[in-house]
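Dumped protein_18.cif below, it's mmCIF, C-alpha atoms and all ligand atoms:
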```
data_structure
loop_
_atom_site.label_atom_id
_atom_site.label_comp_id
_atom_site.auth_asym_id
_atom_site.auth_seq_id
_atom_site.Cartn_x
_atom_site.Cartn_y
_atom_site.Cartn_z
CA MET C 1 15.65 7.96 20.86
CA ASN C 2 18.28 5.23 20.97
CA SER C 3 17.43 1.58 21.27
CA TRP C 4 19.51 -1.05 23.05
CA LEU C 5 19.00 -3.07 19.88
CA ILE C 6 21.50 -2.39 17.11
CA ILE C 7 19.47 -0.86 14.29
CA SER C 8 21.15 0.20 11.06
CA GLU C 9 20.59 3.83 10.03
CA GLN C 10 19.32 2.50 6.72
CA SER C 11 16.79 0.16 8.31
CA ASP C 12 13.17 0.62 7.25
CA PHE C 13 12.11 -0.37 10.73
CA SER C 14 13.54 2.31 13.01
CA ILE C 15 12.18 3.06 16.48
CA HIS C 16 10.09 5.81 14.84
CA ASN C 17 8.27 3.34 12.63
CA LEU C 18 7.02 0.24 14.52
CA PRO C 19 4.80 -1.20 11.76
CA PHE C 20 2.42 -4.09 12.44
CA GLY C 21 2.45 -7.43 10.66
CA SER C 22 1.38 -11.06 10.98
CA PHE C 23 3.98 -13.83 11.08
CA SER C 24 4.63 -17.45 11.93
CA THR C 25 7.67 -19.66 12.46
CA PRO C 26 7.97 -23.44 12.89
CA TYR C 27 7.74 -22.78 16.64
CA ARG C 28 5.20 -19.95 16.79
CA ASP C 29 1.69 -20.12 15.32
CA GLN C 30 0.47 -17.23 13.20
CA ARG C 31 0.43 -14.09 15.33
CA LEU C 32 0.96 -10.35 15.37
CA GLY C 33 4.29 -8.64 15.59
CA VAL C 34 5.97 -5.27 15.25
CA ALA C 35 9.08 -4.91 13.10
CA ILE C 36 12.12 -3.26 14.69
CA GLY C 37 15.48 -3.27 12.89
CA ASP C 38 16.23 -6.87 11.88
CA TYR C 39 13.79 -8.23 14.49
CA ILE C 40 10.13 -8.77 15.23
CA VAL C 41 8.60 -8.09 18.64
CA ASP C 42 6.21 -11.00 19.29
CA LEU C 43 3.08 -9.23 20.55
CA LYS C 44 1.27 -12.42 21.50
CA ALA C 45 4.20 -13.48 23.66
CA CYS C 46 4.34 -9.99 25.23
CA ALA C 47 0.63 -10.21 26.07
CA GLN C 48 0.82 -13.76 27.41
CA LYS C 49 3.85 -12.99 29.54
CA GLY C 50 1.87 -10.22 31.23
CA LEU C 51 4.08 -7.39 30.03
CA LEU C 52 1.05 -5.37 28.93
CA HIS C 53 -0.83 -5.59 32.24
CA GLN C 54 -1.12 -1.80 32.42
CA ALA C 55 -2.62 -1.49 28.95
CA PRO C 56 -5.89 0.48 28.81
CA PHE C 57 -7.36 -2.05 26.35
CA SER C 58 -8.04 -5.77 26.18
CA VAL C 59 -4.72 -7.39 25.30
CA HIS C 60 -6.56 -10.37 23.76
CA ALA C 61 -6.74 -8.31 20.56
CA LEU C 62 -2.95 -8.71 20.38
CA GLU C 63 -3.18 -12.50 20.68
CA GLU C 64 -5.07 -12.82 17.40
CA PRO C 65 -3.41 -14.04 14.15
CA ILE C 66 -4.49 -10.92 12.20
CA LEU C 67 -4.91 -7.23 12.88
CA ASN C 68 -8.68 -6.77 12.58
CA LYS C 69 -9.53 -6.96 16.31
CA TRP C 70 -6.53 -4.84 17.23
CA MET C 71 -7.45 -2.21 14.64
CA GLY C 72 -10.88 -2.01 16.24
CA CYS C 73 -9.32 -1.04 19.59
CA GLY C 74 -8.86 2.46 18.19
CA LYS C 75 -6.28 5.15 17.96
CA ASP C 76 -5.73 5.67 21.72
CA ALA C 77 -4.80 2.00 22.14
CA ARG C 78 -2.46 2.23 19.17
CA VAL C 79 -0.73 5.30 20.55
CA TRP C 80 -0.42 3.70 24.00
CA LEU C 81 1.23 0.60 22.53
CA ARG C 82 3.54 2.73 20.37
CA HIS C 83 4.79 4.62 23.43
CA TRP C 84 5.09 1.43 25.45
CA LEU C 85 7.19 -0.22 22.72
CA GLN C 86 9.38 2.87 22.36
CA TYR C 87 9.96 2.89 26.13
CA GLN C 88 10.71 -0.84 26.27
CA LEU C 89 13.09 -0.65 23.31
CA THR C 90 15.04 2.32 24.66
CA HIS C 91 15.44 1.27 28.30
CA ALA C 92 18.00 -1.42 29.07
CA ASP C 93 16.20 -2.15 32.36
CA SER C 94 12.90 -2.90 30.57
CA GLU C 95 11.05 -6.22 30.69
CA LEU C 96 11.37 -6.53 26.91
CA HIS C 97 15.14 -6.30 27.26
CA ALA C 98 15.15 -8.81 30.09
CA HIS C 99 13.09 -11.37 28.11
CA GLN C 100 14.37 -10.56 24.62
CA ASP C 101 15.31 -14.18 23.92
CA GLN C 102 11.60 -15.07 24.04
CA LEU C 103 10.00 -11.85 22.85
CA LEU C 104 12.22 -10.92 19.90
CA LEU C 105 13.06 -13.05 16.90
CA PRO C 106 15.03 -12.39 13.71
CA ILE C 107 12.78 -11.10 10.96
CA ASP C 108 14.49 -13.45 8.49
CA SER C 109 13.31 -16.47 10.46
CA ALA C 110 9.64 -15.56 10.10
CA HIS C 111 7.10 -16.27 7.40
CA LEU C 112 4.99 -13.16 6.80
CA HIS C 113 1.25 -13.37 6.15
CA LEU C 114 -1.34 -10.96 4.84
CA PRO C 115 -1.94 -9.15 8.14
CA VAL C 116 -5.58 -8.20 7.61
CA GLU C 117 -8.80 -9.94 6.70
CA ILE C 118 -9.87 -7.54 3.98
CA GLY C 119 -13.60 -6.94 3.78
CA ASP C 120 -14.15 -4.65 0.84
CA TYR C 121 -11.54 -3.30 -1.52
CA THR C 122 -11.78 -0.01 -3.39
CA ASP C 123 -9.28 1.29 -5.92
CA PHE C 124 -9.07 5.02 -6.59
CA TYR C 125 -7.52 6.86 -9.51
CA SER C 126 -6.11 9.81 -7.62
CA SER C 127 -2.78 10.73 -9.22
CA GLU C 128 -3.21 13.59 -11.67
CA ASP C 129 -0.08 12.75 -13.66
CA HIS C 130 -1.23 9.15 -14.07
CA ALA C 131 -4.76 10.13 -15.11
CA ARG C 132 -3.35 12.70 -17.53
CA ASN C 133 -0.89 10.24 -19.05
CA VAL C 134 -3.59 7.64 -19.62
CA GLY C 135 -5.93 10.29 -21.04
CA LYS C 136 -3.22 11.51 -23.42
CA MET C 137 -2.48 8.01 -24.66
CA PHE C 138 -6.02 6.72 -25.07
CA ARG C 139 -8.25 9.74 -25.49
CA ASP C 140 -7.60 13.37 -26.24
CA PRO C 141 -4.08 14.79 -25.64
CA GLU C 142 -5.62 18.27 -25.32
CA ASN C 143 -8.32 17.28 -22.83
CA ALA C 144 -6.62 14.39 -21.10
CA LEU C 145 -8.62 14.59 -17.86
CA LEU C 146 -12.30 13.70 -17.98
CA PRO C 147 -14.65 16.49 -16.77
CA ASN C 148 -15.34 14.84 -13.38
CA TRP C 149 -11.72 14.20 -12.44
CA LYS C 150 -10.97 17.39 -10.48
CA HIS C 151 -14.35 17.34 -8.75
CA LEU C 152 -14.30 13.92 -7.12
CA PRO C 153 -11.83 11.10 -6.38
CA VAL C 154 -12.76 8.63 -9.13
CA GLY C 155 -12.72 5.01 -7.98
CA TYR C 156 -14.24 1.57 -8.45
CA HIS C 157 -15.17 -1.34 -6.21
CA GLY C 158 -12.56 -4.05 -6.62
CA ARG C 159 -12.25 -7.54 -5.22
CA ALA C 160 -10.74 -8.40 -1.83
CA SER C 161 -10.38 -12.17 -2.36
CA SER C 162 -7.39 -11.88 -4.70
CA ILE C 163 -5.29 -9.49 -2.62
CA VAL C 164 -2.17 -11.36 -1.53
CA VAL C 165 0.91 -10.65 0.53
CA SER C 166 4.32 -9.73 -0.88
CA GLY C 167 6.23 -12.77 -2.11
CA THR C 168 3.17 -14.30 -3.74
CA ASN C 169 3.75 -14.93 -7.44
CA ILE C 170 0.95 -14.61 -9.98
CA HIS C 171 0.30 -16.70 -13.08
CA ARG C 172 -0.30 -14.73 -16.24
CA PRO C 173 -4.09 -14.71 -16.60
CA LYS C 174 -5.97 -15.91 -19.66
CA VAL C 175 -8.16 -13.14 -20.94
CA GLN C 176 -10.61 -12.19 -23.65
CA PHE C 177 -9.26 -9.26 -25.62
CA LEU C 178 -9.70 -7.48 -28.94
CA PRO C 179 -6.56 -7.86 -31.11
CA ALA C 180 -5.34 -4.63 -32.72
CA GLY C 181 -7.07 -3.97 -36.04
CA SER C 182 -9.69 -6.68 -35.47
CA ASP C 183 -13.31 -6.55 -34.44
CA VAL C 184 -13.38 -10.20 -33.36
CA PRO C 185 -12.21 -10.93 -29.81
CA SER C 186 -9.55 -13.52 -29.00
CA PHE C 187 -8.90 -15.58 -25.89
CA GLY C 188 -5.56 -16.56 -24.42
CA PRO C 189 -2.77 -15.52 -22.07
CA SER C 190 -2.70 -11.74 -21.64
CA LYS C 191 0.04 -10.14 -23.73
CA MET C 192 0.09 -6.91 -21.75
CA ILE C 193 0.68 -7.54 -18.06
CA ASP C 194 1.55 -4.40 -16.17
CA PHE C 195 2.22 -3.33 -12.58
CA GLU C 196 0.62 -0.35 -10.86
CA LEU C 197 2.61 1.41 -8.13
CA GLU C 198 0.08 2.27 -5.43
CA MET C 199 -0.30 2.80 -1.70
CA ALA C 200 -3.29 1.35 0.12
CA PHE C 201 -4.77 2.34 3.46
CA ILE C 202 -6.67 0.09 5.86
CA VAL C 203 -9.86 1.19 7.58
CA ALA C 204 -9.97 0.81 11.39
CA GLU C 205 -13.58 1.71 12.12
CA ASN C 206 -17.05 0.30 11.55
CA THR C 207 -19.56 2.93 10.52
CA GLU C 208 -23.34 2.82 10.32
CA LEU C 209 -25.11 2.60 7.01
CA GLY C 210 -26.39 6.10 6.31
CA SER C 211 -23.60 7.88 8.18
CA HIS C 212 -20.50 9.43 6.69
CA ILE C 213 -16.92 10.25 7.67
CA THR C 214 -15.74 13.85 7.28
CA THR C 215 -12.24 14.80 6.14
CA ASP C 216 -11.61 15.93 9.77
CA GLN C 217 -12.58 12.50 11.12
CA ALA C 218 -11.05 10.42 8.34
CA GLU C 219 -7.53 9.93 9.65
CA ASP C 220 -8.81 8.54 12.97
CA ALA C 221 -10.59 5.88 10.93
CA ILE C 222 -7.39 4.85 9.12
CA PHE C 223 -5.04 2.33 10.75
CA GLY C 224 -2.12 2.55 8.38
CA VAL C 225 -0.72 2.19 4.92
CA VAL C 226 1.00 -0.48 2.79
CA ILE C 227 2.64 -0.49 -0.64
CA PHE C 228 0.38 -2.07 -3.20
CA ASN C 229 1.04 -3.54 -6.65
CA ASP C 230 -2.24 -3.71 -8.52
CA TRP C 231 -1.32 -6.20 -11.30
CA SER C 232 -3.28 -5.37 -14.44
CA ALA C 233 -3.91 -6.92 -17.87
CA ARG C 234 -4.00 -3.92 -20.20
CA ASP C 235 -5.25 -5.78 -23.30
CA LYS C 236 -8.17 -7.11 -21.30
CA GLN C 237 -8.80 -3.78 -19.61
CA ARG C 238 -9.33 -1.83 -22.82
CA TRP C 239 -11.84 -4.36 -24.15
CA GLU C 240 -13.91 -4.93 -21.02
CA TYR C 241 -14.14 -1.64 -19.15
CA VAL C 242 -16.92 0.00 -21.18
CA PRO C 243 -19.36 1.05 -19.78
CA LEU C 244 -19.17 -0.25 -16.18
CA GLY C 245 -15.44 -0.01 -15.48
CA PRO C 246 -12.60 -2.38 -14.52
CA PHE C 247 -13.39 -6.05 -13.98
CA LEU C 248 -11.32 -9.17 -14.73
CA ALA C 249 -8.29 -7.20 -15.94
CA LYS C 250 -7.76 -6.06 -12.36
CA ASN C 251 -8.79 -8.89 -10.04
CA PHE C 252 -6.37 -11.73 -10.84
CA GLY C 253 -3.95 -10.66 -8.11
CA SER C 254 -2.94 -7.52 -6.25
CA VAL C 255 0.00 -7.57 -3.88
CA ALA C 256 0.35 -5.79 -0.52
CA SER C 257 3.55 -5.24 1.47
CA PRO C 258 3.39 -7.18 4.77
CA TRP C 259 4.11 -4.40 7.30
CA VAL C 260 1.39 -1.84 7.95
CA VAL C 261 2.93 1.56 8.67
CA THR C 262 0.65 3.53 10.98
CA LEU C 263 -0.43 7.13 10.48
CA GLU C 264 1.31 7.88 13.81
CA ALA C 265 4.61 6.88 12.20
CA LEU C 266 3.83 8.84 9.05
CA ASP C 267 2.84 11.97 10.98
CA ALA C 268 6.35 13.49 10.81
CA PHE C 269 6.28 13.35 7.00
CA ARG C 270 3.20 15.44 6.27
CA VAL C 271 3.41 17.87 3.38
CA ALA C 272 0.98 20.20 1.67
CA GLY C 273 -0.93 18.72 -1.25
CA PRO C 274 -1.37 20.38 -4.62
CA ILE C 275 -3.60 23.44 -4.84
CA GLN C 276 -6.97 22.08 -5.90
CA GLU C 277 -8.38 24.25 -8.65
CA PRO C 278 -11.28 24.38 -9.41
CA LYS C 279 -12.28 24.59 -5.76
CA VAL C 280 -13.70 21.33 -4.44
CA LEU C 281 -17.17 20.97 -2.90
CA PRO C 282 -17.29 21.65 0.87
CA TYR C 283 -17.43 17.95 1.86
CA LEU C 284 -14.05 17.44 0.14
CA GLU C 285 -12.30 20.44 1.72
CA TYR C 286 -9.65 19.68 4.32
CA LYS C 287 -7.60 21.70 6.82
CA GLN C 288 -4.22 20.33 7.91
CA ASP C 289 -1.61 18.84 5.58
CA MET C 290 -2.85 15.39 4.63
CA HIS C 291 -0.34 14.35 2.01
CA PHE C 292 2.75 12.35 2.95
CA ASP C 293 6.28 12.60 1.58
CA VAL C 294 7.09 8.94 0.97
CA ASN C 295 9.68 8.06 -1.68
CA LEU C 296 8.54 5.15 -3.81
CA GLU C 297 10.72 2.98 -6.02
CA VAL C 298 9.96 0.27 -8.54
CA TYR C 299 12.58 -2.33 -9.47
CA LEU C 300 12.34 -4.93 -12.21
CA GLN C 301 14.29 -8.16 -11.93
CA PRO C 302 14.34 -10.35 -15.05
CA ASP C 303 14.44 -14.12 -14.59
CA ARG C 304 17.93 -15.00 -13.28
CA GLY C 305 18.97 -11.34 -13.69
CA ALA C 306 19.72 -8.49 -11.31
CA GLU C 307 17.08 -6.06 -10.13
CA GLU C 308 17.21 -2.56 -11.56
CA LEU C 309 15.43 0.65 -10.70
CA ILE C 310 12.85 1.59 -13.34
CA SER C 311 10.82 4.28 -11.57
CA LYS C 312 11.06 6.71 -8.65
CA SER C 313 7.81 8.29 -7.54
CA ASN C 314 6.37 9.73 -4.34
CA PHE C 315 3.13 9.37 -2.37
CA LYS C 316 2.99 13.19 -2.13
CA TYR C 317 2.12 13.39 -5.84
CA MET C 318 -1.48 12.39 -5.08
CA TYR C 319 -4.07 14.96 -6.08
CA TRP C 320 -6.71 13.52 -3.73
CA ASN C 321 -5.50 12.51 -0.26
CA MET C 322 -6.71 9.57 1.84
CA ALA C 323 -9.03 11.74 3.95
CA GLN C 324 -10.74 13.07 0.84
CA GLN C 325 -11.05 9.54 -0.57
CA LEU C 326 -12.68 8.23 2.61
CA ALA C 327 -14.95 11.28 2.93
CA HIS C 328 -16.06 10.86 -0.66
CA HIS C 329 -16.51 7.10 -0.30
CA THR C 330 -18.96 7.55 2.60
CA ILE C 331 -20.72 10.81 1.69
CA ASN C 332 -23.65 8.88 0.20
CA GLY C 333 -24.13 6.89 3.40
CA CYS C 334 -22.05 3.89 2.33
CA ASN C 335 -20.73 2.25 5.49
CA VAL C 336 -17.16 1.04 5.88
CA ARG C 337 -15.83 -1.78 8.03
CA ILE C 338 -12.67 -2.60 9.92
CA GLY C 339 -10.30 -4.24 7.45
CA ASP C 340 -11.55 -2.51 4.32
CA MET C 341 -8.68 -1.63 2.03
CA MET C 342 -8.54 1.38 -0.24
CA ALA C 343 -5.80 1.84 -2.80
CA SER C 344 -4.63 5.13 -4.22
CA GLY C 345 -4.51 4.26 -7.89
CA THR C 346 -1.24 4.33 -9.80
CA ILE C 347 1.07 7.01 -8.37
CA SER C 348 2.95 8.82 -11.13
CA GLY C 349 5.09 11.89 -10.76
CA PRO C 350 5.55 14.73 -13.24
CA THR C 351 8.66 13.38 -15.01
CA PRO C 352 8.98 10.29 -17.25
CA ASP C 353 11.31 8.57 -14.74
CA SER C 354 8.60 8.84 -12.08
CA PHE C 355 5.74 7.08 -13.86
CA GLY C 356 4.08 4.34 -11.83
CA SER C 357 3.24 1.79 -14.53
CA MET C 358 4.96 0.19 -17.51
CA LEU C 359 2.13 1.52 -19.67
CA GLU C 360 3.39 5.04 -18.96
CA LEU C 361 7.13 4.30 -18.71
CA ALA C 362 7.07 2.74 -22.21
CA TRP C 363 4.37 5.21 -23.31
CA GLY C 364 1.83 2.71 -24.57
CA GLY C 365 4.53 0.59 -26.24
CA LYS C 366 6.04 3.45 -28.24
CA ASN C 367 9.17 3.85 -26.06
CA PRO C 368 10.28 0.41 -24.87
CA ILE C 369 12.45 0.37 -21.74
CA THR C 370 15.93 -1.12 -22.25
CA LEU C 371 17.26 -3.14 -19.33
CA LYS C 372 20.94 -3.58 -18.46
CA ASP C 373 20.96 -7.07 -20.01
CA GLY C 374 20.00 -5.46 -23.33
CA SER C 375 16.45 -6.80 -23.37
CA THR C 376 13.54 -4.42 -23.78
CA ARG C 377 10.12 -4.20 -22.15
CA THR C 378 6.80 -2.65 -22.99
CA SER C 379 5.06 -4.93 -20.51
CA ILE C 380 5.99 -7.54 -17.91
CA GLN C 381 7.39 -10.85 -19.19
CA ASP C 382 7.10 -14.29 -17.61
CA GLY C 383 9.79 -14.63 -14.96
CA ASP C 384 10.00 -10.88 -14.31
CA THR C 385 9.79 -9.90 -10.65
CA VAL C 386 8.52 -6.43 -9.74
CA ILE C 387 9.74 -5.11 -6.41
CA MET C 388 8.33 -1.93 -4.89
CA ARG C 389 9.93 -0.16 -1.95
CA GLY C 390 9.05 2.98 -0.03
CA TYR C 391 10.66 5.11 2.65
CA ALA C 392 10.37 8.54 4.24
CA GLU C 393 13.31 10.51 5.60
CA LYS C 394 13.50 13.81 7.47
CA ASN C 395 15.76 15.36 10.12
CA GLY C 396 17.69 12.13 10.59
CA ILE C 397 14.52 10.08 11.05
CA ARG C 398 13.86 7.29 8.58
CA ILE C 399 10.94 4.95 8.27
CA GLY C 400 10.28 2.45 5.50
CA PHE C 401 7.70 0.01 4.26
CA GLY C 402 9.82 -3.03 3.46
CA GLU C 403 9.06 -4.67 0.13
CA CYS C 404 6.14 -5.47 -2.10
CA ARG C 405 7.48 -8.24 -4.35
CA SER C 406 5.76 -10.44 -6.91
CA LYS C 407 6.81 -12.45 -9.98
CA ILE C 408 4.76 -13.14 -13.08
CA LEU C 409 4.72 -16.87 -13.82
CA PRO C 410 3.69 -18.47 -17.13
CA SER C 411 0.02 -18.95 -17.79
CA ILE C 412 -1.49 -22.28 -16.70
MN MN O 501 -5.10 0.23 -9.70
#
```

When written as structure tokens, how does the structure in this file appear?
Ligand code: MN
Amino acid sequence: MNSWLIISEQSDFSIHNLPFGSFSTPYRDQRLGVAIGDYIVDLKACAQKGLLHQAPFSVHALEEPILNKWMGCGKDARVWLRHWLQYQLTHADSELHAHQDQLLLPIDSAHLHLPVEIGDYTDFYSSEDHARNVGKMFRDPENALLPNWKHLPVGYHGRASSIVVSGTNIHRPKVQFLPAGSDVPSFGPSKMIDFELEMAFIVAENTELGSHITTDQAEDAIFGVVIFNDWSARDKQRWEYVPLGPFLAKNFGSVASPWVVTLEALDAFRVAGPIQEPKVLPYLEYKQDMHFDVNLEVYLQPDRGAEELISKSNFKYMYWNMAQQLAHHTINGCNVRIGDMMASGTISGPTPDSFGSMLELAWGGKNPITLKDGSTRTSIQDGDTVIMRGYAEKNGIRIGFGECRSKILPSI
């Protein structure tokens, strides 16, 4: 499939990707677009120009500023639009080609917004290596996983209001914490800010209270996936999480990449997941390959310094896949809604260079990371920017997620 647009082989946004986002420019109000190479296809302009007159869905959903209505149009609509875009972008006699001066704009000229109104947010804890590492550091090195871990995808209900789009910087939060060796809590700026390398999926279906989604049905209820940095305050977390789980250590800002990569684009990158032993309960069993081979990278850029790679992980390292997470989430009758976001939990691989948090990379502070400028880190300092990137590659096809970027600013 060759486009009449010049698209670099290294571009995240190849013709096989076509991720959805929300953008504005000084001349265009906030609206939906699809990234292609160094450009955005303006979907609102396409709809208003009548290019989508053959669409088997109401094109008004594409004239909205965010994705929620469009996600509710369902998978068939999504697949139709994907094929339409691929046709338009590969045929020099297409209407998109003819009107490209109005329908395409350089991606660099656009301001990107959070593309979804997020209803509820859930964070899982589904990477075995991450759960094991944390268990080894804080509990029992011999029995690092808690007894429930291989029987259900552990998760907690988070907070949607503080999820922000890539490029949003976060002030170091003030927290209550228990200083080491003390039994009297202190209050002040967190001394242990950390990133968490995660992927998050977005729900594209409203379900009834009392119903549930099976692992077979789950992927049809998922619109797509973003990279997700779940900023965390470790000093706070340890003090507050007993017995009800994460709270203020996790809700002061989580950052999503702006382009939502659909499951249709990810389909070519399916891989088998790990063998699940002990055997899971029937409602968590699944048939086809539901893990995805997506390379993930974390870069740290000190204030006024150069970015450097500090971790390389992969979405395929998940123990529990998205279908199992959604099946588990709804098996008790809990309904989900269009725009709900569910994050994977920190994604660590099996080797120390693939750990998805500073907590693990610096092993609880015991092995500080040394950066090229000679400075060391056991947590994130003021002025540090964390940049996460992800891409999948196979048989000459490449798709990517763009960036999830956020800087920690001093406490206010
Ligand atoms: Mn998390």

Can you check which parts of chain C lie within 6 Å of ligand MN 501 (chain O)? Per residue, the shortest pair of atoms and distance in Å to one decimal, counting all atoms listed in the file, sorted by chain and number, as a Markdown table.
```
| residue | atom | partner | partner_atom | distance |
| --- | --- | --- | --- | --- |
| C:Asp123 | CA | O:MN501 | MN | 5.7 |
| C:Glu196 | CA | O:MN501 | MN | 5.9 |
| C:Asp230 | CA | O:MN501 | MN | 5.0 |
| C:Gly345 | CA | O:MN501 | MN | 4.5 |
| C:Thr346 | CA | O:MN501 | MN | 5.6 |
```

Write the residues of the preceding selection, restricted to C-alpha atoms, as a PDB file, in the coordinates of the input.
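Writing done, so here's part.pdb:
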```pdb
ATOM      1  CA  ASP C 123      -9.280   1.290  -5.920  1.00  0.00           C
ATOM      2  CA  GLU C 196       0.620  -0.350 -10.860  1.00  0.00           C
ATOM      3  CA  ASP C 230      -2.240  -3.710  -8.520  1.00  0.00           C
ATOM      4  CA  GLY C 345      -4.510   4.260  -7.890  1.00  0.00           C
ATOM      5  CA  THR C 346      -1.240   4.330  -9.800  1.00  0.00           C
TER       6      THR C 346
END
```

6 Å contact set for C:Ser166, only C-alpha atoms, chain neighbours under 6 positions out, as a PyMOL selection string:
chain C and resi 255-257+404-405

Who sits within 9 Å of C:Ile412, all atoms listed in the file, same chain under 4 positions skipped, as a VMD selection string:
chain C and resid 171 to 174 189

Pick from C:Lys44, C:Arg304, C:His91, C:Arg389: nearest to C:Phe228, with all atoms listed in the file counted?
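Among the listed residues, C:Arg389 lies closest to C:Phe228.
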
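Among the candidate residues C:Ala180, C:Val298, C:Met318, C:Ala160, the one lying nearest to C:Val271 is C:Met318, with distances computed using only C-alpha atoms.
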
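By chain and then residue number, the residues within 7 Å of stretch 20-29 of chain C are Leu18, Arg31, Leu32, Gly33, Val34, Ala35, Pro65, Ile66, Ser109, Ala110, His111, Leu112, His113, Leu114, Pro115, Pro258, Trp259, Val260 and Val261 of chain C, counting only C-alpha atoms and disregarding those fewer than 2 positions away in sequence.
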
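One distance worth recording is that between atom CA of C:Ala77 and atom CA of C:Pro56, which is 6.9 Å.
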
Distance atom CA of C:Val280-atom CA of C:Tyr319, one decimal place?
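So the two atoms, atom CA of C:Val280 and atom CA of C:Tyr319, lie 11.7 Å apart.
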
Proximity to C:Val134 - best of C:Phe355, C:Tyr391, C:Trp84, C:Trp231, all atoms listed in the file
C:Phe355

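Computed from the coordinates, the atom CA of C:Gln276 to atom CA of C:Asn148 distance equals 13.4 Å.
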
Proximity to C:Asp340 - best of C:Asp101, C:Asp140, C:Glu205, C:Asp93, all atoms listed in the file:
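Checking each of C:Asp101, C:Asp140, C:Glu205, C:Asp93 against C:Asp340, counting all atoms listed in the file, the winner is C:Glu205.
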
For a quick check of your reading of the model, name the residues lying within 9 Å of the coordinate (-3.0, -10.2, -6.3), counting only C-alpha atoms, and write them as a PyMOL selection string.
chain C and resi 161-165+168-170+229-231+250-256+406

Env of C:Ile347: 6 Å cut, atoms = all atoms listed in the file, seq-sep filter 6 positions within chain, self excluded. Answer as a PDB file with C-alpha atoms, keeping the file's coordinate frame.
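That gives us result.pdb:
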```pdb
ATOM      1  CA  SER C 127      -2.780  10.730  -9.220  1.00  0.00           C
ATOM      2  CA  LEU C 197       2.610   1.410  -8.130  1.00  0.00           C
ATOM      3  CA  GLU C 198       0.080   2.270  -5.430  1.00  0.00           C
ATOM      4  CA  GLY C 356       4.080   4.340 -11.830  1.00  0.00           C
TER       5      GLY C 356
END
```

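The shortest atom-to-atom distance to C:Tyr39, with all atoms listed in the file taken into account, belongs to C:Ser11 out of C:Gln237, C:Ser58, C:Ser11, C:Gln288.
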
Nearest to C:Leu104 among C:Ile40, C:Asn133, C:Glu64, C:Val225, with distances taken over only C-alpha atoms: which residue is it?
C:Ile40
